[in-house]
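Chemist: Contents are mmCIF, C-alpha atoms and all ligand atoms; file name input.cif:
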data_data
loop_
_atom_site.label_atom_id
_atom_site.label_comp_id
_atom_site.auth_asym_id
_atom_site.auth_seq_id
_atom_site.Cartn_x
_atom_site.Cartn_y
_atom_site.Cartn_z
CA MET A 8 -60.19 -53.24 -34.83
CA PRO A 9 -56.42 -53.91 -34.88
CA LEU A 10 -54.41 -53.69 -31.68
CA ASP A 11 -52.96 -50.35 -30.64
CA PRO A 12 -49.49 -50.37 -32.36
CA GLU A 13 -47.81 -49.21 -29.16
CA LYS A 14 -49.31 -52.10 -27.20
CA LEU A 15 -48.42 -54.54 -29.95
CA SER A 16 -44.80 -53.44 -29.80
CA GLN A 17 -44.86 -53.94 -26.01
CA TYR A 18 -46.14 -57.50 -26.52
CA GLN A 19 -43.46 -58.14 -29.15
CA LYS A 20 -40.78 -56.96 -26.74
CA ALA A 21 -42.19 -59.10 -23.90
CA ALA A 22 -42.26 -62.14 -26.20
CA LEU A 23 -38.52 -61.80 -26.84
CA LYS A 24 -37.61 -61.81 -23.16
CA GLN A 25 -35.30 -64.59 -22.05
CA LEU A 26 -35.88 -66.82 -19.02
CA ASP A 27 -33.30 -64.91 -16.97
CA GLU A 28 -35.14 -61.61 -17.54
CA ASN A 29 -38.06 -62.64 -15.32
CA ASN A 30 -39.78 -59.72 -13.59
CA ASP A 31 -39.13 -61.27 -10.16
CA PRO A 32 -35.39 -60.80 -9.50
CA ARG A 33 -35.25 -64.04 -7.45
CA ILE A 34 -36.54 -66.05 -10.41
CA ALA A 35 -34.32 -64.15 -12.85
CA ALA A 36 -31.23 -64.89 -10.73
CA PHE A 37 -32.19 -68.54 -10.32
CA PHE A 38 -32.69 -69.08 -14.05
CA LYS A 39 -29.44 -67.26 -14.75
CA ARG A 40 -27.43 -69.55 -12.49
CA CYS A 41 -29.20 -72.65 -13.85
CA ILE A 42 -28.03 -71.65 -17.33
CA GLU A 43 -24.52 -70.71 -16.17
CA GLU A 44 -24.08 -73.87 -14.12
CA ASN A 45 -25.67 -76.02 -16.82
CA ASN A 46 -27.57 -77.74 -14.04
CA PRO A 47 -30.40 -80.16 -14.84
CA VAL A 48 -33.27 -78.00 -13.53
CA LEU A 49 -33.92 -76.35 -16.89
CA ALA A 50 -32.60 -79.22 -18.99
CA PRO A 51 -35.03 -82.15 -19.04
CA ALA A 52 -32.61 -84.13 -21.23
CA LEU A 53 -30.25 -84.31 -18.25
CA HIS A 54 -32.99 -85.87 -16.10
CA THR A 55 -32.26 -89.45 -16.99
CA GLU A 56 -32.71 -90.55 -13.39
CA ASP A 57 -35.49 -89.69 -10.96
CA TYR A 58 -34.44 -87.77 -7.86
CA PHE A 59 -36.82 -86.06 -5.43
CA TYR A 60 -37.77 -82.64 -6.84
CA ARG A 61 -34.73 -82.57 -9.22
CA ALA A 62 -32.47 -82.31 -6.17
CA PRO A 63 -28.91 -83.59 -6.58
CA ARG A 64 -28.19 -87.04 -5.19
CA THR A 65 -25.67 -87.34 -2.38
CA ARG A 66 -24.97 -89.40 0.71
CA ASP A 67 -22.52 -86.87 2.13
CA LEU A 68 -24.68 -85.34 4.86
CA VAL A 69 -22.22 -82.54 5.69
CA ALA A 70 -23.20 -80.79 2.47
CA VAL A 71 -26.96 -81.14 3.09
CA ASP A 72 -29.48 -78.84 4.83
CA ILE A 73 -32.72 -80.48 3.67
CA GLY A 74 -32.51 -84.22 3.01
CA CYS A 75 -35.27 -85.79 0.93
CA ILE A 76 -35.25 -89.44 1.93
CA GLY A 77 -37.27 -92.49 0.98
CA VAL A 78 -38.45 -94.78 3.79
CA PRO A 79 -39.93 -97.79 1.96
CA MET A 80 -41.32 -99.64 4.99
CA ASP A 81 -44.08 -102.07 3.96
CA VAL A 82 -44.89 -104.04 7.12
CA SER A 83 -47.10 -103.28 10.15
CA ALA A 84 -50.09 -101.75 8.31
CA PRO A 85 -53.31 -103.75 8.30
CA TYR A 86 -54.83 -103.45 4.82
CA ARG A 87 -53.46 -102.86 1.33
CA GLY A 88 -49.75 -103.39 0.68
CA GLY A 89 -47.24 -101.73 -1.61
CA ALA A 90 -46.26 -98.61 0.36
CA LYS A 91 -42.63 -99.55 -0.30
CA PHE A 92 -43.14 -98.30 -3.86
CA GLY A 93 -44.05 -94.80 -2.57
CA PRO A 94 -40.57 -93.25 -2.76
CA ARG A 95 -39.90 -94.32 -6.35
CA LYS A 96 -43.29 -92.99 -7.53
CA ILE A 97 -42.78 -89.68 -5.75
CA ARG A 98 -39.34 -89.42 -7.31
CA GLU A 99 -40.97 -89.95 -10.70
CA TRP A 100 -43.79 -87.43 -10.22
CA SER A 101 -41.84 -84.85 -8.27
CA LYS A 102 -40.19 -83.77 -11.52
CA ASN A 103 -43.58 -82.25 -12.42
CA HIS A 104 -43.56 -79.99 -9.34
CA GLY A 105 -41.29 -77.07 -8.49
CA PRO A 106 -38.63 -75.78 -8.56
CA ILE A 107 -40.45 -72.46 -7.95
CA HIS A 108 -43.51 -72.10 -5.71
CA ASP A 109 -46.33 -70.78 -7.86
CA ARG A 110 -47.79 -68.46 -5.22
CA TRP A 111 -44.83 -67.23 -3.17
CA ASN A 112 -42.03 -67.62 -5.75
CA THR A 113 -40.10 -69.51 -3.07
CA ILE A 114 -37.13 -71.39 -4.55
CA PRO A 115 -35.98 -73.95 -1.97
CA PHE A 116 -32.75 -74.54 -3.95
CA ASP A 117 -31.71 -70.92 -3.42
CA LEU A 118 -32.43 -71.00 0.33
CA CYS A 119 -30.87 -74.31 1.33
CA SER A 120 -28.71 -77.13 0.14
CA VAL A 121 -31.40 -79.67 -0.79
CA ALA A 122 -30.49 -83.25 -1.70
CA ASP A 123 -31.98 -86.63 -2.43
CA ILE A 124 -30.12 -88.69 0.13
CA GLY A 125 -31.47 -92.05 -1.03
CA ASP A 126 -33.61 -94.55 0.87
CA VAL A 127 -33.22 -95.95 4.36
CA GLU A 128 -31.73 -99.42 4.07
CA PHE A 129 -33.48 -102.14 6.07
CA SER A 130 -31.48 -105.04 7.44
CA ARG A 131 -34.60 -107.21 7.88
CA PRO A 132 -37.43 -105.54 5.93
CA HIS A 133 -40.08 -108.04 7.05
CA ASP A 134 -39.24 -107.56 10.71
CA THR A 135 -41.18 -104.61 12.10
CA ARG A 136 -39.07 -104.10 15.22
CA GLN A 137 -35.77 -104.22 13.33
CA THR A 138 -37.10 -101.90 10.62
CA VAL A 139 -38.19 -99.34 13.20
CA GLU A 140 -34.72 -99.62 14.74
CA ASP A 141 -33.03 -99.12 11.34
CA ILE A 142 -35.13 -95.98 10.75
CA PHE A 143 -34.29 -94.62 14.22
CA ASN A 144 -30.56 -95.13 13.64
CA LYS A 145 -30.66 -93.45 10.24
CA PHE A 146 -32.55 -90.42 11.56
CA CYS A 147 -30.15 -90.11 14.50
CA GLU A 148 -27.44 -89.72 11.84
CA LEU A 149 -29.47 -86.99 10.15
CA TYR A 150 -30.13 -85.31 13.49
CA ASP A 151 -26.42 -85.35 14.39
CA ALA A 152 -25.59 -83.88 10.97
CA ASP A 153 -28.23 -81.16 11.45
CA VAL A 154 -30.16 -82.26 8.35
CA ASN A 155 -33.87 -81.43 8.23
CA PRO A 156 -35.64 -84.38 6.60
CA LEU A 157 -38.50 -84.55 4.14
CA SER A 158 -39.36 -88.23 4.40
CA ILE A 159 -41.39 -90.18 1.89
CA GLY A 160 -42.89 -93.44 3.14
CA GLY A 161 -43.65 -96.12 3.48
CA VAL A 162 -46.35 -96.89 6.02
CA HIS A 163 -47.12 -94.44 8.83
CA THR A 164 -45.19 -96.52 11.36
CA ILE A 165 -42.03 -94.70 10.14
CA SER A 166 -43.02 -91.44 11.88
CA HIS A 167 -42.50 -92.90 15.35
CA PRO A 168 -38.73 -93.65 15.06
CA ILE A 169 -38.27 -90.43 13.05
CA LEU A 170 -39.86 -88.35 15.83
CA LYS A 171 -37.99 -90.28 18.51
CA ALA A 172 -34.73 -89.29 16.77
CA LEU A 173 -35.62 -85.67 15.95
CA GLY A 174 -37.19 -84.98 19.35
CA GLN A 175 -34.35 -86.47 21.43
CA LYS A 176 -33.41 -83.14 23.07
CA GLU A 177 -36.87 -81.59 23.17
CA PRO A 178 -40.17 -83.29 22.26
CA LEU A 179 -41.56 -81.65 19.12
CA GLY A 180 -44.91 -80.10 18.34
CA LEU A 181 -46.85 -82.08 15.75
CA ILE A 182 -49.29 -81.14 13.01
CA HIS A 183 -50.83 -84.42 11.94
CA ILE A 184 -53.10 -84.64 8.89
CA ASP A 185 -54.88 -87.99 8.71
CA ALA A 186 -58.25 -89.76 8.68
CA HIS A 187 -57.01 -91.79 11.65
CA ALA A 188 -55.55 -90.47 14.89
CA ASP A 189 -53.15 -93.45 15.09
CA THR A 190 -53.05 -93.52 18.90
CA MET A 191 -54.49 -96.98 19.40
CA THR A 192 -53.84 -98.73 22.71
CA GLY A 193 -53.24 -102.49 22.87
CA LEU A 194 -51.87 -104.57 20.04
CA MET A 195 -52.77 -104.25 16.39
CA GLN A 196 -52.49 -107.62 14.63
CA GLY A 197 -50.26 -108.74 17.49
CA GLU A 198 -47.87 -105.79 17.25
CA GLU A 199 -47.14 -102.88 19.57
CA LEU A 200 -45.38 -101.11 16.71
CA SER A 201 -47.90 -100.40 13.96
CA ASP A 202 -49.27 -97.58 11.87
CA GLY A 203 -52.32 -97.55 14.18
CA ALA A 204 -50.26 -96.65 17.27
CA VAL A 205 -47.53 -94.49 15.79
CA PHE A 206 -48.30 -91.33 17.79
CA LEU A 207 -48.99 -93.14 21.03
CA ASN A 208 -45.52 -94.66 20.67
CA ALA A 209 -44.05 -91.26 19.72
CA VAL A 210 -45.45 -89.76 22.95
CA LEU A 211 -44.16 -92.62 25.12
CA ASP A 212 -40.71 -92.29 23.53
CA GLN A 213 -40.81 -88.51 24.09
CA GLY A 214 -40.55 -87.61 20.41
CA ILE A 215 -43.62 -85.36 20.58
CA ASP A 216 -45.37 -83.30 23.23
CA PRO A 217 -49.05 -84.34 23.15
CA GLU A 218 -50.08 -80.91 24.42
CA ARG A 219 -48.39 -79.40 21.36
CA THR A 220 -50.03 -81.89 18.98
CA ILE A 221 -52.95 -81.18 16.68
CA GLN A 222 -54.62 -83.88 14.58
CA ILE A 223 -56.72 -82.76 11.61
CA GLY A 224 -59.18 -84.64 9.39
CA ILE A 225 -60.01 -87.48 11.77
CA ARG A 226 -63.04 -89.57 10.76
CA GLY A 227 -64.37 -93.04 10.09
CA ARG A 228 -65.35 -96.19 11.90
CA ALA A 229 -62.14 -96.49 13.95
CA THR A 230 -62.73 -93.19 15.79
CA PRO A 231 -63.59 -94.89 19.13
CA PHE A 232 -60.09 -96.41 19.23
CA TRP A 233 -58.30 -93.06 19.57
CA GLN A 234 -59.10 -92.30 23.23
CA PHE A 235 -55.40 -91.83 24.01
CA SER A 236 -55.39 -88.66 21.88
CA HIS A 237 -57.95 -87.07 24.20
CA ASP A 238 -56.49 -88.50 27.42
CA SER A 239 -52.99 -87.21 26.62
CA GLY A 240 -54.20 -83.71 25.74
CA MET A 241 -53.88 -83.71 21.96
CA ARG A 242 -56.19 -81.37 20.06
CA VAL A 243 -58.31 -83.51 17.75
CA ILE A 244 -60.05 -81.73 14.87
CA THR A 245 -62.37 -84.21 13.23
CA MET A 246 -63.45 -83.71 9.64
CA ASP A 247 -66.83 -82.55 10.98
CA ASP A 248 -65.03 -79.99 13.18
CA PHE A 249 -63.04 -78.84 10.16
CA ASP A 250 -66.23 -78.27 8.17
CA GLU A 251 -67.88 -76.40 11.03
CA LEU A 252 -64.85 -74.25 11.98
CA GLY A 253 -63.51 -73.56 8.50
CA LEU A 254 -59.85 -73.37 7.47
CA GLN A 255 -58.96 -70.00 9.03
CA LYS A 256 -60.20 -70.99 12.50
CA VAL A 257 -58.39 -74.32 12.24
CA LEU A 258 -55.17 -72.47 11.40
CA GLU A 259 -55.68 -70.20 14.42
CA GLU A 260 -55.97 -73.33 16.56
CA VAL A 261 -52.76 -74.71 15.03
CA ARG A 262 -50.83 -71.53 15.87
CA LYS A 263 -52.21 -71.44 19.40
CA ILE A 264 -51.23 -75.06 20.07
CA ILE A 265 -47.88 -75.21 18.25
CA GLY A 266 -46.58 -71.76 19.21
CA ASP A 267 -43.00 -70.72 18.38
CA GLY A 268 -41.31 -74.00 19.27
CA PRO A 269 -39.98 -76.59 16.84
CA CYS A 270 -42.60 -78.73 15.14
CA TYR A 271 -43.03 -81.54 12.64
CA ILE A 272 -45.67 -82.15 9.94
CA SER A 273 -46.90 -85.68 9.30
CA MET A 274 -49.29 -86.17 6.42
CA ASP A 275 -51.02 -89.49 5.91
CA CYS A 276 -52.39 -89.70 2.35
CA ASP A 277 -55.72 -90.97 3.68
CA GLY A 278 -56.36 -87.61 5.35
CA ILE A 279 -57.29 -86.56 1.83
CA ASP A 280 -60.65 -87.74 0.50
CA SER A 281 -60.37 -91.07 -1.31
CA THR A 282 -61.99 -89.47 -4.36
CA TYR A 283 -58.87 -87.33 -4.81
CA LEU A 284 -56.40 -89.84 -3.49
CA PRO A 285 -57.51 -93.45 -3.96
CA GLY A 286 -54.00 -94.93 -3.93
CA THR A 287 -53.50 -95.43 -0.24
CA GLN A 288 -53.39 -98.29 2.22
CA LEU A 289 -56.69 -97.64 3.99
CA PRO A 290 -58.72 -95.13 1.91
CA GLU A 291 -61.42 -93.06 3.64
CA PRO A 292 -64.23 -91.05 2.07
CA PHE A 293 -65.49 -87.67 3.41
CA GLY A 294 -62.02 -86.18 3.80
CA LEU A 295 -60.11 -83.06 2.82
CA THR A 296 -60.17 -82.03 -0.83
CA SER A 297 -56.90 -81.61 -2.69
CA ARG A 298 -57.25 -77.81 -2.50
CA GLU A 299 -58.19 -77.82 1.19
CA VAL A 300 -55.14 -79.83 2.15
CA ARG A 301 -52.88 -77.59 0.09
CA SER A 302 -54.35 -74.47 1.73
CA LEU A 303 -53.95 -76.10 5.14
CA ILE A 304 -50.27 -76.83 4.47
CA ARG A 305 -49.70 -73.32 3.07
CA GLY A 306 -51.32 -71.93 6.22
CA LEU A 307 -48.48 -73.47 8.28
CA ARG A 308 -45.99 -71.03 6.74
CA GLY A 309 -43.99 -69.25 9.44
CA LEU A 310 -44.00 -72.10 11.97
CA ASP A 311 -40.60 -73.50 12.98
CA ILE A 312 -40.83 -76.73 11.00
CA VAL A 313 -37.86 -79.07 11.51
CA GLY A 314 -39.09 -82.07 9.52
CA ALA A 315 -42.01 -83.46 7.56
CA ASP A 316 -43.24 -86.70 6.11
CA ILE A 317 -45.77 -88.06 3.66
CA VAL A 318 -46.85 -91.62 4.25
CA GLU A 319 -49.16 -94.43 3.15
CA LEU A 320 -49.08 -93.82 -0.59
CA CYS A 321 -49.73 -97.20 -2.27
CA PRO A 322 -48.93 -96.83 -5.97
CA LEU A 323 -50.04 -100.42 -6.73
CA VAL A 324 -53.68 -99.47 -6.05
CA ASP A 325 -53.49 -95.99 -7.56
CA VAL A 326 -55.53 -94.88 -10.57
CA GLN A 327 -53.46 -93.46 -13.47
CA ASP A 328 -50.88 -92.21 -10.93
CA MET A 329 -53.28 -89.47 -9.76
CA SER A 330 -52.48 -90.09 -6.09
CA SER A 331 -48.73 -90.02 -6.74
CA ASN A 332 -49.05 -86.77 -8.68
CA LEU A 333 -51.08 -85.09 -5.93
CA THR A 334 -48.79 -86.39 -3.21
CA ALA A 335 -45.71 -85.16 -5.07
CA ALA A 336 -47.31 -81.71 -5.44
CA LEU A 337 -47.98 -81.54 -1.69
CA GLY A 338 -44.42 -82.69 -1.03
CA PHE A 339 -43.11 -79.64 -2.87
CA GLU A 340 -45.24 -77.43 -0.61
CA LEU A 341 -43.60 -79.11 2.39
CA LEU A 342 -40.14 -78.71 0.86
CA CYS A 343 -40.73 -74.95 0.52
CA LEU A 344 -41.87 -74.67 4.15
CA LEU A 345 -38.87 -76.66 5.38
CA ALA A 346 -36.43 -74.52 3.37
CA GLU A 347 -37.96 -71.26 4.57
CA SER A 348 -37.97 -72.46 8.20
CA ARG A 349 -34.37 -73.59 8.02
CA GLU A 350 -33.14 -70.36 6.45
CA ARG A 351 -34.99 -68.35 9.13
CA ARG A 352 -33.64 -70.52 11.96
CA ILE A 353 -30.00 -70.44 10.76
CA GLY A 354 -30.18 -66.80 9.68
CA LYS A 355 -28.49 -67.36 6.33
CA SER A 356 -29.01 -69.22 3.10
CA ARG A 357 -26.90 -71.88 1.40
CA LYS A 358 -27.63 -72.69 -2.23
CA THR A 359 -28.06 -76.10 -3.78
CA TYR A 360 -25.39 -77.01 -6.35
CA TRP A 361 -25.76 -79.84 -8.79
MN MN A 401 -51.98 -92.58 9.71
#
Spell out the structure here as structure tokens.

Modeler:
Amino acid sequence: MPLDPEKLSQYQKAALKQLDENNDPRIAAFFKRCIEENNPVLAPALHTEDYFYRAPRTRDLVAVDIGCIGVPMDVSAPYRGGAKFGPRKIREWSKNHGPIHDRWNTIPFDLCSVADIGDVEFSRPHDTRQTVEDIFNKFCELYDADVNPLSIGGVHTISHPILKALGQKEPLGLIHIDAHADTMTGLMQGEELSDGAVFLNAVLDQGIDPERTIQIGIRGRATPFWQFSHDSGMRVITMDDFDELGLQKVLEEVRKIIGDGPCYISMDCDGIDSTYLPGTQLPEPFGLTSREVRSLIRGLRGLDIVGADIVELCPLVDVQDMSSNLTAALGFELLCLLAESRERRIGKSRKTYW
């Protein structure tokens, strides 16, 4: 039986629609301005260089609301190296994600001025203490310029100086997704500053409030080393807890603990099961699936998120870039949350111009 001629003519009409006639007026308006401004979002031929999520590149912080920044620190983690290549891989793969959120139709570039603000420069990249200092100084600059950062590591050690800078007036709440709680006391490989003690150091430097901290996905043989999490009042949701509670109950816990105050999201790639994300410094089995972690991040929508990071991606031990691709996809989720939070906090939007 042939198609109903009336329906067929509807389909023919729909097939002739242009990009800027999208049924969602937000998408229609965005496509329209992309065409008018001849910006590179809809023109792959103009993407001859890799910038985070197609954002324009600038170092002028005055013009920036959300700064995507690489933090290629590659010392102070105990196992596999190469985290310094994380930012360049995420820049490469982030072109495959966004610019429009596929569930909410959020367009971060219409809410905020988003930019790729380059990488943190390290004066002595093999010196842990100096590198932490360089990161702290850079993020103080971002804090003073009222830029909300999406940071791409680098090893997890970077989160400590970032939180110390962003929490300088008021310690932040923290949603921490990781296999490891990273609150180890004592020295790790002779160092106080390491990716195994990053949140202990962040508490002692008043970057985070441990009673407004929730750690999700914790598991593995190092679990006995994280006593500080419990002693300081952090809420620790192990992977077993996550399985028993289920996502919705975990999200209720998050909201109860974080409340309305400012908070930060730190995602260690090894929070995700090593089957989905093998390319990380210290891979752990029995973790969150790719869809679980995405749902978890999406469930944080509405919190007052002032910054986020993704750390411990090691492209040198990745398989066909699958970890980089997944990480870049999750980074876009974080970018949308940051843009929505910022617009809500400021009470007005500022578009991104290329
Ligand atoms: Mn970690």

Chemist: Residues contacting ligand MN 401 (chain A) - anything with an atom at most 6 Å away, using only C-alpha atoms and all ligand atoms - can you give me those as a list in words?

Modeler: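 I would give the residues around ligand MN 401 (chain A) as His163, Asp185, His187, Asp189 and Asp275 of chain A.
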
Chemist: Can you pull out the residues contacting A:Asp67? Cut-off 9 Å, using all atoms listed in the file, and skip same-chain residues under 3 positions away; I want them as a list in words.

Modeler: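 So, after excluding close chain neighbours, the residues are Ala70, Val71 and Ile124 of chain A.
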
Chemist: What is the atom CA of A:Asp202 to atom CA of A:Ile73 distance in Å?

Modeler: 25.2 Å

Chemist: Go through A:Gly240, A:Gly203, A:Gly174, A:Pro290 one by one, measure the shortest atom-to-atom distance of each to A:Val313 using only C-alpha atoms, and give the residue with the smallest value.

Modeler: A:Gly174

Chemist: Can you tell me, as a PDB file with C-alpha atoms, keeping the file's coordinate frame, what residues are no more than 10 Å from A:Pro85 when counting all atoms listed in the file, ignoring any on the same chain fewer than 3 positions away?

Modeler:
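selection-v2.pdb was written with the following content:
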ATOM      1  CA  VAL A  82     -44.890-104.040   7.120  1.00  0.00           C
ATOM      2  CA  GLY A  88     -49.750-103.390   0.680  1.00  0.00           C
ATOM      3  CA  MET A 195     -52.770-104.250  16.390  1.00  0.00           C
ATOM      4  CA  GLN A 196     -52.490-107.620  14.630  1.00  0.00           C
ATOM      5  CA  SER A 201     -47.900-100.400  13.960  1.00  0.00           C
ATOM      6  CA  ASP A 202     -49.270 -97.580  11.870  1.00  0.00           C
ATOM      7  CA  GLY A 203     -52.320 -97.550  14.180  1.00  0.00           C
ATOM      8  CA  GLN A 288     -53.390 -98.290   2.220  1.00  0.00           C
ATOM      9  CA  LEU A 289     -56.690 -97.640   3.990  1.00  0.00           C
TER      10      LEU A 289
END
